[in-house]
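Student: The structure is given below, and queries will be raised subsequently.
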Amino acid sequence: MAAAGTFESGHVDMVHDAQLDYYGKRLATCSSDRVVKVFDLSGEQRTHIADLKGHEGPVWQVCWAHPRYGAILASASFDHRIILWREGPDGQWSQVYKTPSTLHTASVNSIAFAPQELGLLLACASSDGTVSIVEHKPDGTWETSKARTRVPQQQHTNTTAATGSG
């Protein structure tokens, strides 16, 4: 693994999150520049692998799925959406799922994958007061559902974090 220290991320705006994968060999970062970046840390140097573009607003958080499911990365954004990305066998990253624009009505602030024994499930917390679950189905499709309904306006507080273990 590359030596500890700082390095230039290449983002052109504020970096909001940085997450290592399960093995600590890959680093994903996200920024107000609307880009998710992936770096390889397995050698002596930090190597930029990919720029993942698809969000229409600042990206607040990234989260790696358990390696049992391959190289899958989720990103949450101010644009009300979650995008799931997958690295293909050729090393190229692609968008495999983007939540519907109607799923959340405000920023998605936090995401967390469930323990791998439960399947490929992602919890997503939004400023609209709701939590959604994104699930990969056995037939290869993705499904979204709301985990709870909106809090009544007089009790409303912003939902800012989802937690889990991957």
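Each chain in the structure tokens gets a letter, A, B, ..., in the order shown, and its residues are numbered from 1; ligands are numbered from 1 in order too.
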Using only C-alpha atoms, determine which residues lie at most 10 Å from Glu87 in chain A, disregarding the query and same-chain residues fewer than 2 positions distant; provide the list as a compact mmCIF listing (two decimals) with all heavy atoms, in the first residue's frame.
Tutor:
```
# COMPACT_ATOMS: atom_id res chain seq x y z
N ALA A 50 -10.32 6.32 -12.26
CA ALA A 50 -11.54 6.72 -12.97
C ALA A 50 -12.15 7.99 -12.38
O ALA A 50 -12.02 8.25 -11.19
CB ALA A 50 -12.56 5.59 -12.90
N GLY A 70 -18.47 -7.91 -6.19
CA GLY A 70 -17.64 -7.26 -7.19
C GLY A 70 -17.30 -5.86 -6.75
O GLY A 70 -17.56 -5.45 -5.62
N ALA A 71 -16.69 -5.11 -7.64
CA ALA A 71 -16.31 -3.72 -7.33
C ALA A 71 -17.52 -2.83 -7.60
O ALA A 71 -17.75 -2.38 -8.73
CB ALA A 71 -15.11 -3.29 -8.16
N ILE A 72 -18.31 -2.59 -6.56
CA ILE A 72 -19.50 -1.75 -6.66
C ILE A 72 -19.36 -0.59 -5.69
O ILE A 72 -18.99 -0.78 -4.53
CB ILE A 72 -20.79 -2.55 -6.37
CG1 ILE A 72 -21.00 -3.61 -7.44
CG2 ILE A 72 -22.00 -1.61 -6.27
CD1 ILE A 72 -22.23 -4.46 -7.24
N LEU A 73 -19.66 0.58 -6.17
CA LEU A 73 -19.54 1.81 -5.41
C LEU A 73 -20.85 2.58 -5.54
O LEU A 73 -21.41 2.66 -6.62
CB LEU A 73 -18.38 2.63 -5.97
CG LEU A 73 -18.01 3.94 -5.31
CD1 LEU A 73 -17.52 3.71 -3.89
CD2 LEU A 73 -16.94 4.63 -6.13
N TRP A 85 -22.33 2.31 -9.19
CA TRP A 85 -21.30 2.16 -10.22
C TRP A 85 -20.67 0.79 -10.08
O TRP A 85 -20.51 0.29 -8.98
CB TRP A 85 -20.21 3.21 -10.04
CG TRP A 85 -20.69 4.61 -9.84
CD1 TRP A 85 -21.03 5.21 -8.65
CD2 TRP A 85 -20.88 5.60 -10.84
NE1 TRP A 85 -21.42 6.51 -8.87
CE2 TRP A 85 -21.33 6.79 -10.20
CE3 TRP A 85 -20.71 5.61 -12.23
CZ2 TRP A 85 -21.61 7.95 -10.89
CZ3 TRP A 85 -20.98 6.79 -12.92
CH2 TRP A 85 -21.42 7.94 -12.25
N PRO A 89 -14.94 -6.16 -16.04
CA PRO A 89 -13.74 -7.00 -16.14
C PRO A 89 -12.59 -6.31 -16.90
O PRO A 89 -11.43 -6.64 -16.71
CB PRO A 89 -14.21 -8.25 -16.88
CG PRO A 89 -15.61 -8.02 -17.28
CD PRO A 89 -16.11 -6.76 -16.65
N ASP A 90 -12.95 -5.34 -17.73
CA ASP A 90 -11.93 -4.60 -18.49
C ASP A 90 -11.36 -3.42 -17.71
O ASP A 90 -10.54 -2.66 -18.23
CB ASP A 90 -12.53 -4.11 -19.81
CG ASP A 90 -13.73 -3.18 -19.61
OD1 ASP A 90 -14.16 -2.98 -18.45
OD2 ASP A 90 -14.24 -2.68 -20.62
N GLY A 91 -11.80 -3.26 -16.44
CA GLY A 91 -11.31 -2.15 -15.62
C GLY A 91 -12.07 -0.85 -15.82
O GLY A 91 -11.78 0.15 -15.17
N GLN A 92 -13.06 -0.86 -16.71
CA GLN A 92 -13.86 0.34 -16.97
C GLN A 92 -15.04 0.40 -16.00
O GLN A 92 -15.69 -0.61 -15.75
CB GLN A 92 -14.38 0.34 -18.41
CG GLN A 92 -13.29 0.43 -19.44
CD GLN A 92 -12.52 1.74 -19.35
OE1 GLN A 92 -13.09 2.81 -19.32
NE2 GLN A 92 -11.20 1.63 -19.29
N TRP A 93 -15.30 1.59 -15.47
CA TRP A 93 -16.43 1.80 -14.56
C TRP A 93 -17.65 2.25 -15.35
O TRP A 93 -17.53 3.02 -16.31
CB TRP A 93 -16.07 2.85 -13.53
CG TRP A 93 -15.13 2.33 -12.48
CD1 TRP A 93 -13.77 2.25 -12.57
CD2 TRP A 93 -15.49 1.81 -11.21
NE1 TRP A 93 -13.26 1.70 -11.42
CE2 TRP A 93 -14.29 1.43 -10.56
CE3 TRP A 93 -16.69 1.63 -10.55
CZ2 TRP A 93 -14.28 0.89 -9.29
CZ3 TRP A 93 -16.68 1.09 -9.28
CH2 TRP A 93 -15.48 0.72 -8.66
N SER A 94 -18.82 1.78 -14.93
CA SER A 94 -20.06 2.22 -15.57
C SER A 94 -21.16 2.37 -14.52
O SER A 94 -21.11 1.76 -13.45
CB SER A 94 -20.50 1.23 -16.65
OG SER A 94 -20.73 -0.04 -16.09
N GLN A 95 -22.12 3.17 -14.88
CA GLN A 95 -23.29 3.39 -14.03
C GLN A 95 -24.22 2.21 -14.23
O GLN A 95 -24.64 1.94 -15.35
CB GLN A 95 -23.96 4.70 -14.49
CG GLN A 95 -24.92 5.28 -13.54
CD GLN A 95 -25.45 6.61 -14.08
OE1 GLN A 95 -26.62 6.67 -14.42
NE2 GLN A 95 -24.62 7.62 -14.16
N VAL A 96 -24.54 1.49 -13.14
CA VAL A 96 -25.43 0.33 -13.28
C VAL A 96 -26.84 0.63 -12.79
O VAL A 96 -27.78 -0.08 -13.15
CB VAL A 96 -24.88 -0.93 -12.59
CG1 VAL A 96 -23.63 -1.42 -13.29
CG2 VAL A 96 -24.61 -0.71 -11.12
```
Student: Which residues are near Pro100 in chain A? Cut-off 12 Å, only C-alpha atoms, ignore same chain within fewer than 2 positions. Put them as a list in words.
Tutor: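 Here the qualifying residues turn out to be Asp79, His80, Arg81, Ile82, Ile83, Tyr97, Lys98, Thr102, Leu103, His104, Thr105, Ser132, Val134, Trp142, Glu143, Thr144 and Ser145 of chain A.
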Student: Please write the residues from the selection above to a file, keeping N, CA and C atoms, as a PDB file, in the first residue's frame.
Tutor:
```
ATOM      1  N   ASP A  79     -28.407  16.257  -5.642  1.00  0.00           N
ATOM      2  CA  ASP A  79     -29.379  16.193  -6.750  1.00  0.00           C
ATOM      3  C   ASP A  79     -30.548  15.248  -6.482  1.00  0.00           C
ATOM      4  N   HIS A  80     -30.666  14.748  -5.220  1.00  0.00           N
ATOM      5  CA  HIS A  80     -31.753  13.875  -4.767  1.00  0.00           C
ATOM      6  C   HIS A  80     -31.579  12.425  -5.201  1.00  0.00           C
ATOM      7  N   ARG A  81     -30.406  12.066  -5.762  1.00  0.00           N
ATOM      8  CA  ARG A  81     -30.249  10.742  -6.348  1.00  0.00           C
ATOM      9  C   ARG A  81     -29.074   9.977  -5.770  1.00  0.00           C
ATOM     10  N   ILE A  82     -29.162   8.671  -5.937  1.00  0.00           N
ATOM     11  CA  ILE A  82     -28.094   7.744  -5.601  1.00  0.00           C
ATOM     12  C   ILE A  82     -27.714   7.059  -6.906  1.00  0.00           C
ATOM     13  N   ILE A  83     -26.418   6.938  -7.143  1.00  0.00           N
ATOM     14  CA  ILE A  83     -25.951   6.208  -8.329  1.00  0.00           C
ATOM     15  C   ILE A  83     -25.101   5.040  -7.854  1.00  0.00           C
ATOM     16  N   TYR A  97     -26.989   1.662 -11.967  1.00  0.00           N
ATOM     17  CA  TYR A  97     -28.331   2.028 -11.505  1.00  0.00           C
ATOM     18  C   TYR A  97     -28.312   3.456 -10.992  1.00  0.00           C
ATOM     19  N   LYS A  98     -29.374   4.185 -11.316  1.00  0.00           N
ATOM     20  CA  LYS A  98     -29.583   5.544 -10.817  1.00  0.00           C
ATOM     21  C   LYS A  98     -31.008   5.595 -10.294  1.00  0.00           C
ATOM     22  N   THR A 102     -37.918  10.806  -8.616  1.00  0.00           N
ATOM     23  CA  THR A 102     -39.038  11.004  -7.695  1.00  0.00           C
ATOM     24  C   THR A 102     -38.856  10.297  -6.346  1.00  0.00           C
ATOM     25  N   LEU A 103     -37.790   9.516  -6.193  1.00  0.00           N
ATOM     26  CA  LEU A 103     -37.606   8.761  -4.953  1.00  0.00           C
ATOM     27  C   LEU A 103     -37.435   9.692  -3.757  1.00  0.00           C
ATOM     28  N   HIS A 104     -36.594  10.702  -3.893  1.00  0.00           N
ATOM     29  CA  HIS A 104     -36.391  11.692  -2.832  1.00  0.00           C
ATOM     30  C   HIS A 104     -36.666  13.083  -3.391  1.00  0.00           C
ATOM     31  N   THR A 105     -37.149  13.962  -2.519  1.00  0.00           N
ATOM     32  CA  THR A 105     -37.468  15.329  -2.932  1.00  0.00           C
ATOM     33  C   THR A 105     -36.451  16.330  -2.409  1.00  0.00           C
ATOM     34  N   SER A 132     -34.622   5.472   2.190  1.00  0.00           N
ATOM     35  CA  SER A 132     -34.979   4.501   1.155  1.00  0.00           C
ATOM     36  C   SER A 132     -33.988   3.345   1.189  1.00  0.00           C
ATOM     37  N   VAL A 134     -32.238   0.562  -1.486  1.00  0.00           N
ATOM     38  CA  VAL A 134     -31.994   0.124  -2.856  1.00  0.00           C
ATOM     39  C   VAL A 134     -31.522  -1.317  -2.756  1.00  0.00           C
ATOM     40  N   TRP A 142     -32.702  -3.795 -10.131  1.00  0.00           N
ATOM     41  CA  TRP A 142     -32.594  -3.016  -8.894  1.00  0.00           C
ATOM     42  C   TRP A 142     -33.991  -2.553  -8.521  1.00  0.00           C
ATOM     43  N   GLU A 143     -34.267  -2.517  -7.245  1.00  0.00           N
ATOM     44  CA  GLU A 143     -35.572  -2.084  -6.747  1.00  0.00           C
ATOM     45  C   GLU A 143     -35.362  -1.093  -5.604  1.00  0.00           C
ATOM     46  N   THR A 144     -36.206  -0.081  -5.561  1.00  0.00           N
ATOM     47  CA  THR A 144     -36.134   0.893  -4.471  1.00  0.00           C
ATOM     48  C   THR A 144     -37.437   0.891  -3.698  1.00  0.00           C
ATOM     49  N   SER A 145     -37.322   1.171  -2.404  1.00  0.00           N
ATOM     50  CA  SER A 145     -38.514   1.296  -1.573  1.00  0.00           C
ATOM     51  C   SER A 145     -38.213   2.274  -0.455  1.00  0.00           C
TER      52      SER A 145
END
```
Student: I need the residues of range 52-157 of chain A that end up classed as helix (DSSP H, G or I) by DSSP on the backbone, written out as a PyMOL selection string.
Tutor: chain A and resi 67-69+116-118+153-155
Student: Env of Ala65 in chain A: 9 Å cut, atoms = only C-alpha atoms, seq-sep filter 5 positions within chain, self excluded. Answer as a ChimeraX atom specification.
Tutor: /A:21-22,70-74,112-114,116,120-122,166
Student: List the spatial neighbours of range 55-57 of chain A as a ChimeraX atom specification - criterion: any atom at most 7 Å away, only C-alpha atoms, same-chain residues fewer than 4 positions off excluded.
Tutor: /A:34,77-79
Student: How about saving the chosen residues, all heavy atoms kept, as a PDB file, in the first residue's frame?
Tutor:
```pdb
ATOM      1  N   ARG A  34     -19.155  17.519  -8.376  1.00  0.00           N
ATOM      2  CA  ARG A  34     -20.099  16.549  -8.948  1.00  0.00           C
ATOM      3  C   ARG A  34     -19.441  15.270  -9.459  1.00  0.00           C
ATOM      4  O   ARG A  34     -20.060  14.488 -10.179  1.00  0.00           O
ATOM      5  CB  ARG A  34     -20.934  17.174 -10.070  1.00  0.00           C
ATOM      6  CG  ARG A  34     -21.669  18.417  -9.659  1.00  0.00           C
ATOM      7  CD  ARG A  34     -22.367  19.079 -10.813  1.00  0.00           C
ATOM      8  NE  ARG A  34     -23.024  20.287 -10.346  1.00  0.00           N
ATOM      9  CZ  ARG A  34     -23.909  20.953 -11.038  1.00  0.00           C
ATOM     10  NH1 ARG A  34     -24.268  20.528 -12.226  1.00  0.00           N
ATOM     11  NH2 ARG A  34     -24.460  22.042 -10.555  1.00  0.00           N
ATOM     12  N   SER A  77     -26.043  12.270  -3.498  1.00  0.00           N
ATOM     13  CA  SER A  77     -25.859  13.645  -3.949  1.00  0.00           C
ATOM     14  C   SER A  77     -26.979  14.598  -3.554  1.00  0.00           C
ATOM     15  O   SER A  77     -28.105  14.194  -3.257  1.00  0.00           O
ATOM     16  CB  SER A  77     -25.730  13.645  -5.476  1.00  0.00           C
ATOM     17  OG  SER A  77     -25.685  14.942  -6.011  1.00  0.00           O
ATOM     18  N   PHE A  78     -26.626  15.872  -3.623  1.00  0.00           N
ATOM     19  CA  PHE A  78     -27.568  16.974  -3.455  1.00  0.00           C
ATOM     20  C   PHE A  78     -28.664  16.923  -4.525  1.00  0.00           C
ATOM     21  O   PHE A  78     -29.757  17.451  -4.325  1.00  0.00           O
ATOM     22  CB  PHE A  78     -26.802  18.303  -3.554  1.00  0.00           C
ATOM     23  CG  PHE A  78     -27.655  19.519  -3.389  1.00  0.00           C
ATOM     24  CD1 PHE A  78     -28.061  19.937  -2.135  1.00  0.00           C
ATOM     25  CD2 PHE A  78     -28.047  20.258  -4.493  1.00  0.00           C
ATOM     26  CE1 PHE A  78     -28.851  21.077  -1.976  1.00  0.00           C
ATOM     27  CE2 PHE A  78     -28.839  21.395  -4.342  1.00  0.00           C
ATOM     28  CZ  PHE A  78     -29.242  21.797  -3.079  1.00  0.00           C
ATOM     29  N   ASP A  79     -28.407  16.257  -5.642  1.00  0.00           N
ATOM     30  CA  ASP A  79     -29.379  16.193  -6.750  1.00  0.00           C
ATOM     31  C   ASP A  79     -30.548  15.248  -6.482  1.00  0.00           C
ATOM     32  O   ASP A  79     -31.316  14.947  -7.386  1.00  0.00           O
ATOM     33  CB  ASP A  79     -28.680  15.837  -8.065  1.00  0.00           C
ATOM     34  CG  ASP A  79     -28.098  14.427  -8.115  1.00  0.00           C
ATOM     35  OD1 ASP A  79     -28.324  13.622  -7.181  1.00  0.00           O
ATOM     36  OD2 ASP A  79     -27.392  14.119  -9.097  1.00  0.00           O
TER      37      ASP A  79
END
```
Student: What residues in chain A get the DSSP label strand (DSSP E or B)? Please answer as number ranges by chain.
Tutor: A: 15-20, 26-31, 35-40, 47-53, 59-64, 72-77, 82-87, 93-98, 108-113, 121-126, 131-136, 142-148
Student: Show me, as CSV, the residues of range 61-137 of chain A having an atom within 8 Å of range 5-20 of chain A, each with the closest atom pair and its distance in Å, using only C-alpha atoms.
Tutor:
```
residue,atom,partner,partner_atom,distance
A:Gln61,CA,A:Asp17,CA,5.4
A:Val62,CA,A:Asp17,CA,6.7
A:Cys63,CA,A:Gln19,CA,6.6
A:Trp64,CA,A:Gln19,CA,7.5
```
